[in-house]
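Step one of this worksheet: look at the structure below.
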Amino acid sequence: MFTGYGTAGARSSRRRILRLAGGGLMLTALGAGTAGCREDVADEEGSGGAGSAEPSEGATPQDGQAPKPLWTKPISAQTYGDNDELVAVDGVVVATGDPLAALDGATGRPKWSLEGGAVPGAPLLLGNGTLYLASGKYDGTVGGYDPASGKETWRSHLGKEYRQPKPIAVDEKQVYVIAEILEDDGSSYTNVIAALDTGTGRVVWKEQRDVGTEESGVHAVVQGRHLVYTDFKKNLTVRDTATGKQVWTQKTTKTSFSVFAVHQDLVIVPQGQKLQAFNLSDGVEKWSLQTDKFDSFREPTVLEDVLYVADSGRTLWSIEPQTGKKIWQSKDLAKANVHVPRQFVKAGGTLYGATDLDKQGGIHAFDAKTGALRWTFNDKSGDYHAWIVATDGKHVYALHGKQLHALPA
């Protein structure tokens, strides 16, 4: 399975505004109505719970003790809390920024940098051993780079009649992009979704999206013959990867900032109190789960055939993705009075979750078999940016504002 998270129009997207609002910087401008949308805010006066002890020196800290970083480096990150702004592969870790910089995963030493390599809000998209990027030169191209060296290995141009194509997903044969369609006066009211050949760079197909859809806030996943994506207009859409033709689409009630999960033949979508799984082939509901009253599901992730998701009531769920059967539920987040994670990675027997808000948040480490909260890492910087986490299996990388930390996995 290959995934990508397109988030163009960075400065105006609702998700990013909410990320900033969580840090308290935008509350005055946005008002109490937006602040009330944050359902996962823990009591700011509560104790730190797990992770309140001083960091340990060892690579395998005891429960309740967060490890000290193996290294911490300042970087030129430009983050908005999107999961695809940090990637780790081939011994390097790359964080979005200008210049786009890759660091040695083990030492934190610079490996390569690329001026104008990342467009704010566009994903760092990995697939086929290639890092696909929207062009920071805003010349209408999409480039592919060797993540170990930073050398360009592939390039494609959608056409002069389209503005700034941004990659959203990739599979073995195609890179999928969304771009604005230009009018004669340079304005744009519609957008196109297209597939580019990963070998030749040629356009395989392109389809104009419905009027009223946006190129921003798009999250996409490729699964077999299906390209699945959501957007801020609350559309859940499936297209045929071979032709681009729409297989089905439906409105969703609330998609937790458009993030969903895919497993085998199902797409799993959080919609407020409900977590629903739909067949990729026809959109028919396969199963659903419901949280307690007044709670809502956050962003789900499937790792090693297990679905992990937290809810705003600070319960962490482990679920069989094909059946919706609960494997376990953990209340440790509520007991420790800490923020819920919105992004997950797994290394060995540990599940790592990254939170939006900084105070009472950071990177949580859980026992993947039980959901027990082992520790929470926080750099105590007070930076308002959301935490972002990635792993290469040997290390866990935590990006917070303009600081990148490497933790032992």
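Here's how to read the names in the structure tokens: chain A, B, ... by the order shown, residue numbers from 1 in each chain, ligand numbers from 1 in the order shown.
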
Practice item. Please provide the set of residues having any atom within 10 Å of A:Thr249, restricted to only C-alpha atoms, with same-chain residues fewer than 4 positions apart removed, written as a PyMOL selection string. Key: chain A and resi 228-230+235-239+282-283

Check your understanding: Quick one: residues within 10 Å of stretch 367-371 of chain A, only C-alpha atoms counted, chain neighbours fewer than 6 positions away excluded, as a list in words?
Key -> Asp63, Val306, Tyr308, Thr315, Leu316, Trp317, Ser318, Ile327, Trp328, Gln329, Ser330, Lys331, Asp332, Leu333, Lys346, Ala347, Gly348, Gly349, Thr350, Leu351 and Tyr352 of chain A

Residues of stretch 279-358 of chain A at most 10 Å from stretch 378-385 of chain A: nearest atom pair and distance in Å, only C-alpha atoms, as a Markdown table:
| residue | atom | partner | partner_atom | distance |
| --- | --- | --- | --- | --- |
| A:Thr355 | CA | A:His385 | CA | 9.9 |
| A:Asp356 | CA | A:His385 | CA | 7.4 |
| A:Leu357 | CA | A:Tyr384 | CA | 7.0 |
| A:Asp358 | CA | A:Gly382 | CA | 6.4 |

Review point. How would you write, as a list in words, the set of residues in stretch 173-345 of chain A that DSSP gives as alpha helix (DSSP H)?
Key: Asp332, Leu333, Ala334, Lys335 and Ala336 of chain A

**Study point:** DSSP strand (DSSP E) selection over stretch 179-394 of chain A, as a PyMOL selection string
**Key:** chain A and resi 179-181+190-197+203-208+218-223+226-230+235-240+246-251+261-263+266-271+274-279+285-290+301-303+306-310+316-319+326-330+341-347+350-355+363-367+373-377+387-391

Exercise for review: Can you pull out every residue within 9 Å of A:Pro147, counting only C-alpha atoms, but drop anything in the same chain fewer than 4 positions away, and send it as a PyMOL selection string?
Suggested key: chain A and resi 88-94+102+126+129-131+151

Write out the residues from the selection above, keeping all heavy atoms, as a PDB file, in the first residue's frame.
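Written file, result_0.pdb:
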ATOM      1  N   ALA A  88      11.482   8.888   6.810  1.00  0.00           N
ATOM      2  CA  ALA A  88      12.758   8.234   7.119  1.00  0.00           C
ATOM      3  C   ALA A  88      12.895   7.014   6.221  1.00  0.00           C
ATOM      4  O   ALA A  88      12.027   6.137   6.208  1.00  0.00           O
ATOM      5  CB  ALA A  88      12.813   7.818   8.585  1.00  0.00           C
ATOM      6  N   VAL A  89      14.006   6.956   5.465  1.00  0.00           N
ATOM      7  CA  VAL A  89      14.216   5.853   4.526  1.00  0.00           C
ATOM      8  C   VAL A  89      15.678   5.844   4.111  1.00  0.00           C
ATOM      9  O   VAL A  89      16.341   6.893   4.077  1.00  0.00           O
ATOM     10  CB  VAL A  89      13.285   6.013   3.281  1.00  0.00           C
ATOM     11  CG1 VAL A  89      13.640   7.261   2.497  1.00  0.00           C
ATOM     12  CG2 VAL A  89      13.315   4.780   2.400  1.00  0.00           C
ATOM     13  N   ASP A  90      16.190   4.664   3.812  1.00  0.00           N
ATOM     14  CA  ASP A  90      17.550   4.517   3.278  1.00  0.00           C
ATOM     15  C   ASP A  90      18.608   5.179   4.149  1.00  0.00           C
ATOM     16  O   ASP A  90      19.576   5.770   3.649  1.00  0.00           O
ATOM     17  CB  ASP A  90      17.639   5.075   1.847  1.00  0.00           C
ATOM     18  CG  ASP A  90      16.833   4.264   0.841  1.00  0.00           C
ATOM     19  OD1 ASP A  90      16.501   3.108   1.160  1.00  0.00           O
ATOM     20  OD2 ASP A  90      16.541   4.783  -0.247  1.00  0.00           O
ATOM     21  N   GLY A  91      18.409   5.128   5.460  1.00  0.00           N
ATOM     22  CA  GLY A  91      19.408   5.652   6.378  1.00  0.00           C
ATOM     23  C   GLY A  91      19.399   7.150   6.557  1.00  0.00           C
ATOM     24  O   GLY A  91      20.278   7.702   7.219  1.00  0.00           O
ATOM     25  N   VAL A  92      18.408   7.828   5.965  1.00  0.00           N
ATOM     26  CA  VAL A  92      18.315   9.275   6.122  1.00  0.00           C
ATOM     27  C   VAL A  92      16.930   9.648   6.639  1.00  0.00           C
ATOM     28  O   VAL A  92      15.959   8.897   6.479  1.00  0.00           O
ATOM     29  CB  VAL A  92      18.594  10.036   4.803  1.00  0.00           C
ATOM     30  CG1 VAL A  92      19.975   9.724   4.276  1.00  0.00           C
ATOM     31  CG2 VAL A  92      17.537   9.707   3.754  1.00  0.00           C
ATOM     32  N   VAL A  93      16.846  10.810   7.255  1.00  0.00           N
ATOM     33  CA  VAL A  93      15.569  11.369   7.673  1.00  0.00           C
ATOM     34  C   VAL A  93      15.437  12.740   7.030  1.00  0.00           C
ATOM     35  O   VAL A  93      16.380  13.527   7.022  1.00  0.00           O
ATOM     36  CB  VAL A  93      15.461  11.440   9.215  1.00  0.00           C
ATOM     37  CG1 VAL A  93      16.605  12.215   9.832  1.00  0.00           C
ATOM     38  CG2 VAL A  93      14.116  12.016   9.638  1.00  0.00           C
ATOM     39  N   VAL A  94      14.258  12.989   6.441  1.00  0.00           N
ATOM     40  CA  VAL A  94      14.029  14.218   5.682  1.00  0.00           C
ATOM     41  C   VAL A  94      12.811  14.921   6.255  1.00  0.00           C
ATOM     42  O   VAL A  94      11.748  14.320   6.407  1.00  0.00           O
ATOM     43  CB  VAL A  94      13.800  13.922   4.183  1.00  0.00           C
ATOM     44  CG1 VAL A  94      13.714  15.220   3.389  1.00  0.00           C
ATOM     45  CG2 VAL A  94      14.895  13.026   3.623  1.00  0.00           C
ATOM     46  N   ALA A 102      18.255  16.577   4.231  1.00  0.00           N
ATOM     47  CA  ALA A 102      18.291  15.194   4.683  1.00  0.00           C
ATOM     48  C   ALA A 102      19.444  15.032   5.665  1.00  0.00           C
ATOM     49  O   ALA A 102      20.566  15.485   5.399  1.00  0.00           O
ATOM     50  CB  ALA A 102      18.467  14.246   3.499  1.00  0.00           C
ATOM     51  N   LEU A 126       6.828   9.154  -0.648  1.00  0.00           N
ATOM     52  CA  LEU A 126       7.770   8.063  -0.894  1.00  0.00           C
ATOM     53  C   LEU A 126       7.096   6.908  -1.615  1.00  0.00           C
ATOM     54  O   LEU A 126       5.985   6.507  -1.275  1.00  0.00           O
ATOM     55  CB  LEU A 126       8.341   7.543   0.423  1.00  0.00           C
ATOM     56  CG  LEU A 126       9.478   8.337   1.068  1.00  0.00           C
ATOM     57  CD1 LEU A 126       9.777   7.757   2.451  1.00  0.00           C
ATOM     58  CD2 LEU A 126      10.724   8.302   0.202  1.00  0.00           C
ATOM     59  N   GLY A 129      11.232   3.519  -3.943  1.00  0.00           N
ATOM     60  CA  GLY A 129      12.572   3.990  -3.624  1.00  0.00           C
ATOM     61  C   GLY A 129      12.842   5.406  -4.076  1.00  0.00           C
ATOM     62  O   GLY A 129      13.998   5.818  -4.207  1.00  0.00           O
ATOM     63  N   THR A 130      11.790   6.184  -4.311  1.00  0.00           N
ATOM     64  CA  THR A 130      11.903   7.548  -4.817  1.00  0.00           C
ATOM     65  C   THR A 130      11.127   8.499  -3.931  1.00  0.00           C
ATOM     66  O   THR A 130      10.048   8.161  -3.422  1.00  0.00           O
ATOM     67  CB  THR A 130      11.369   7.629  -6.263  1.00  0.00           C
ATOM     68  OG1 THR A 130      12.113   6.715  -7.091  1.00  0.00           O
ATOM     69  CG2 THR A 130      11.500   9.030  -6.830  1.00  0.00           C
ATOM     70  N   LEU A 131      11.671   9.699  -3.756  1.00  0.00           N
ATOM     71  CA  LEU A 131      10.989  10.767  -3.041  1.00  0.00           C
ATOM     72  C   LEU A 131      10.406  11.716  -4.085  1.00  0.00           C
ATOM     73  O   LEU A 131      11.141  12.360  -4.834  1.00  0.00           O
ATOM     74  CB  LEU A 131      11.980  11.507  -2.139  1.00  0.00           C
ATOM     75  CG  LEU A 131      11.461  12.698  -1.340  1.00  0.00           C
ATOM     76  CD1 LEU A 131      10.395  12.262  -0.346  1.00  0.00           C
ATOM     77  CD2 LEU A 131      12.610  13.396  -0.622  1.00  0.00           C
ATOM     78  N   LYS A 151      19.775  13.197  -5.406  1.00  0.00           N
ATOM     79  CA  LYS A 151      19.911  13.400  -6.849  1.00  0.00           C
ATOM     80  C   LYS A 151      18.573  13.171  -7.556  1.00  0.00           C
ATOM     81  O   LYS A 151      17.849  12.233  -7.246  1.00  0.00           O
ATOM     82  CB  LYS A 151      20.964  12.454  -7.420  1.00  0.00           C
ATOM     83  CG  LYS A 151      22.380  12.750  -6.931  1.00  0.00           C
ATOM     84  CD  LYS A 151      23.386  11.799  -7.553  1.00  0.00           C
ATOM     85  CE  LYS A 151      24.805  12.113  -7.079  1.00  0.00           C
ATOM     86  NZ  LYS A 151      25.801  11.177  -7.661  1.00  0.00           N
TER      87      LYS A 151
END

Exercise for review: Please indicate the distance in Å from atom CA of A:Leu70 to atom CA of A:Gly127, rounded to one decimal place.
Suggested key: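 Separation between atom CA of A:Leu70 and atom CA of A:Gly127: 27.7 Å.
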
Practice item. May I have the residues within 12 Å of A:Thr243 as an MDAnalysis selection string, using only C-alpha atoms and disregarding those fewer than 3 positions away in the same chain? Key: chainID A and resid 174 193:196 203:207 225:227 238:240 246:247

So that I have them on file, write out the residues from the current selection with N, CA, C and O atoms, as a PDB file, in the first residue's frame.
ATOM      1  N   GLN A 174       2.438   4.508 -11.210  1.00  0.00           N
ATOM      2  CA  GLN A 174       1.963   5.868 -11.444  1.00  0.00           C
ATOM      3  C   GLN A 174       2.098   6.751 -10.209  1.00  0.00           C
ATOM      4  O   GLN A 174       2.005   6.277  -9.070  1.00  0.00           O
ATOM      5  N   ILE A 193      -7.356  15.955 -11.532  1.00  0.00           N
ATOM      6  CA  ILE A 193      -6.585  14.883 -10.946  1.00  0.00           C
ATOM      7  C   ILE A 193      -6.009  14.064 -12.100  1.00  0.00           C
ATOM      8  O   ILE A 193      -6.697  13.828 -13.104  1.00  0.00           O
ATOM      9  N   ALA A 194      -4.737  13.684 -11.987  1.00  0.00           N
ATOM     10  CA  ALA A 194      -4.065  13.033 -13.110  1.00  0.00           C
ATOM     11  C   ALA A 194      -3.109  11.961 -12.620  1.00  0.00           C
ATOM     12  O   ALA A 194      -2.678  11.966 -11.458  1.00  0.00           O
ATOM     13  N   ALA A 195      -2.765  11.038 -13.502  1.00  0.00           N
ATOM     14  CA  ALA A 195      -1.784   9.986 -13.229  1.00  0.00           C
ATOM     15  C   ALA A 195      -0.594  10.173 -14.157  1.00  0.00           C
ATOM     16  O   ALA A 195      -0.764  10.345 -15.368  1.00  0.00           O
ATOM     17  N   LEU A 196       0.609  10.146 -13.593  1.00  0.00           N
ATOM     18  CA  LEU A 196       1.847  10.278 -14.352  1.00  0.00           C
ATOM     19  C   LEU A 196       2.621   8.967 -14.283  1.00  0.00           C
ATOM     20  O   LEU A 196       2.744   8.368 -13.205  1.00  0.00           O
ATOM     21  N   VAL A 203       1.818  11.725 -19.135  1.00  0.00           N
ATOM     22  CA  VAL A 203       0.487  11.746 -18.538  1.00  0.00           C
ATOM     23  C   VAL A 203      -0.288  10.519 -19.014  1.00  0.00           C
ATOM     24  O   VAL A 203      -0.484  10.333 -20.221  1.00  0.00           O
ATOM     25  N   VAL A 204      -0.718   9.679 -18.096  1.00  0.00           N
ATOM     26  CA  VAL A 204      -1.473   8.469 -18.427  1.00  0.00           C
ATOM     27  C   VAL A 204      -2.946   8.799 -18.585  1.00  0.00           C
ATOM     28  O   VAL A 204      -3.598   8.367 -19.532  1.00  0.00           O
ATOM     29  N   TRP A 205      -3.499   9.547 -17.654  1.00  0.00           N
ATOM     30  CA  TRP A 205      -4.871  10.032 -17.748  1.00  0.00           C
ATOM     31  C   TRP A 205      -5.038  11.269 -16.877  1.00  0.00           C
ATOM     32  O   TRP A 205      -4.228  11.530 -15.987  1.00  0.00           O
ATOM     33  N   LYS A 206      -6.074  12.047 -17.184  1.00  0.00           N
ATOM     34  CA  LYS A 206      -6.421  13.195 -16.336  1.00  0.00           C
ATOM     35  C   LYS A 206      -7.934  13.389 -16.389  1.00  0.00           C
ATOM     36  O   LYS A 206      -8.558  13.224 -17.441  1.00  0.00           O
ATOM     37  N   GLU A 207      -8.493  13.712 -15.245  1.00  0.00           N
ATOM     38  CA  GLU A 207      -9.930  13.885 -15.119  1.00  0.00           C
ATOM     39  C   GLU A 207     -10.220  15.169 -14.351  1.00  0.00           C
ATOM     40  O   GLU A 207      -9.649  15.402 -13.277  1.00  0.00           O
ATOM     41  N   ARG A 225      -6.385  -1.504  -7.608  1.00  0.00           N
ATOM     42  CA  ARG A 225      -6.949  -0.727  -8.705  1.00  0.00           C
ATOM     43  C   ARG A 225      -7.716   0.502  -8.227  1.00  0.00           C
ATOM     44  O   ARG A 225      -8.401   1.156  -9.018  1.00  0.00           O
ATOM     45  N   HIS A 226      -7.616   0.821  -6.941  1.00  0.00           N
ATOM     46  CA  HIS A 226      -8.415   1.908  -6.397  1.00  0.00           C
ATOM     47  C   HIS A 226      -7.545   3.048  -5.866  1.00  0.00           C
ATOM     48  O   HIS A 226      -6.614   2.826  -5.101  1.00  0.00           O
ATOM     49  N   LEU A 227      -7.861   4.265  -6.288  1.00  0.00           N
ATOM     50  CA  LEU A 227      -7.289   5.482  -5.722  1.00  0.00           C
ATOM     51  C   LEU A 227      -8.375   6.102  -4.854  1.00  0.00           C
ATOM     52  O   LEU A 227      -9.440   6.483  -5.350  1.00  0.00           O
ATOM     53  N   VAL A 238     -13.575   7.337  -4.770  1.00  0.00           N
ATOM     54  CA  VAL A 238     -12.742   6.230  -5.248  1.00  0.00           C
ATOM     55  C   VAL A 238     -12.712   6.272  -6.766  1.00  0.00           C
ATOM     56  O   VAL A 238     -13.760   6.348  -7.414  1.00  0.00           O
ATOM     57  N   ARG A 239     -11.492   6.227  -7.336  1.00  0.00           N
ATOM     58  CA  ARG A 239     -11.321   6.188  -8.788  1.00  0.00           C
ATOM     59  C   ARG A 239     -10.561   4.937  -9.199  1.00  0.00           C
ATOM     60  O   ARG A 239      -9.789   4.369  -8.420  1.00  0.00           O
ATOM     61  N   ASP A 240     -10.752   4.547 -10.447  1.00  0.00           N
ATOM     62  CA  ASP A 240     -10.016   3.442 -11.038  1.00  0.00           C
ATOM     63  C   ASP A 240      -8.631   3.951 -11.428  1.00  0.00           C
ATOM     64  O   ASP A 240      -8.504   4.929 -12.171  1.00  0.00           O
ATOM     65  N   GLN A 246     -14.323   7.672 -12.108  1.00  0.00           N
ATOM     66  CA  GLN A 246     -14.841   7.592 -10.749  1.00  0.00           C
ATOM     67  C   GLN A 246     -15.630   6.312 -10.555  1.00  0.00           C
ATOM     68  O   GLN A 246     -16.524   5.989 -11.325  1.00  0.00           O
ATOM     69  N   VAL A 247     -15.288   5.554  -9.518  1.00  0.00           N
ATOM     70  CA  VAL A 247     -15.995   4.316  -9.198  1.00  0.00           C
ATOM     71  C   VAL A 247     -17.205   4.641  -8.325  1.00  0.00           C
ATOM     72  O   VAL A 247     -18.311   4.171  -8.584  1.00  0.00           O
TER      73      VAL A 247
END
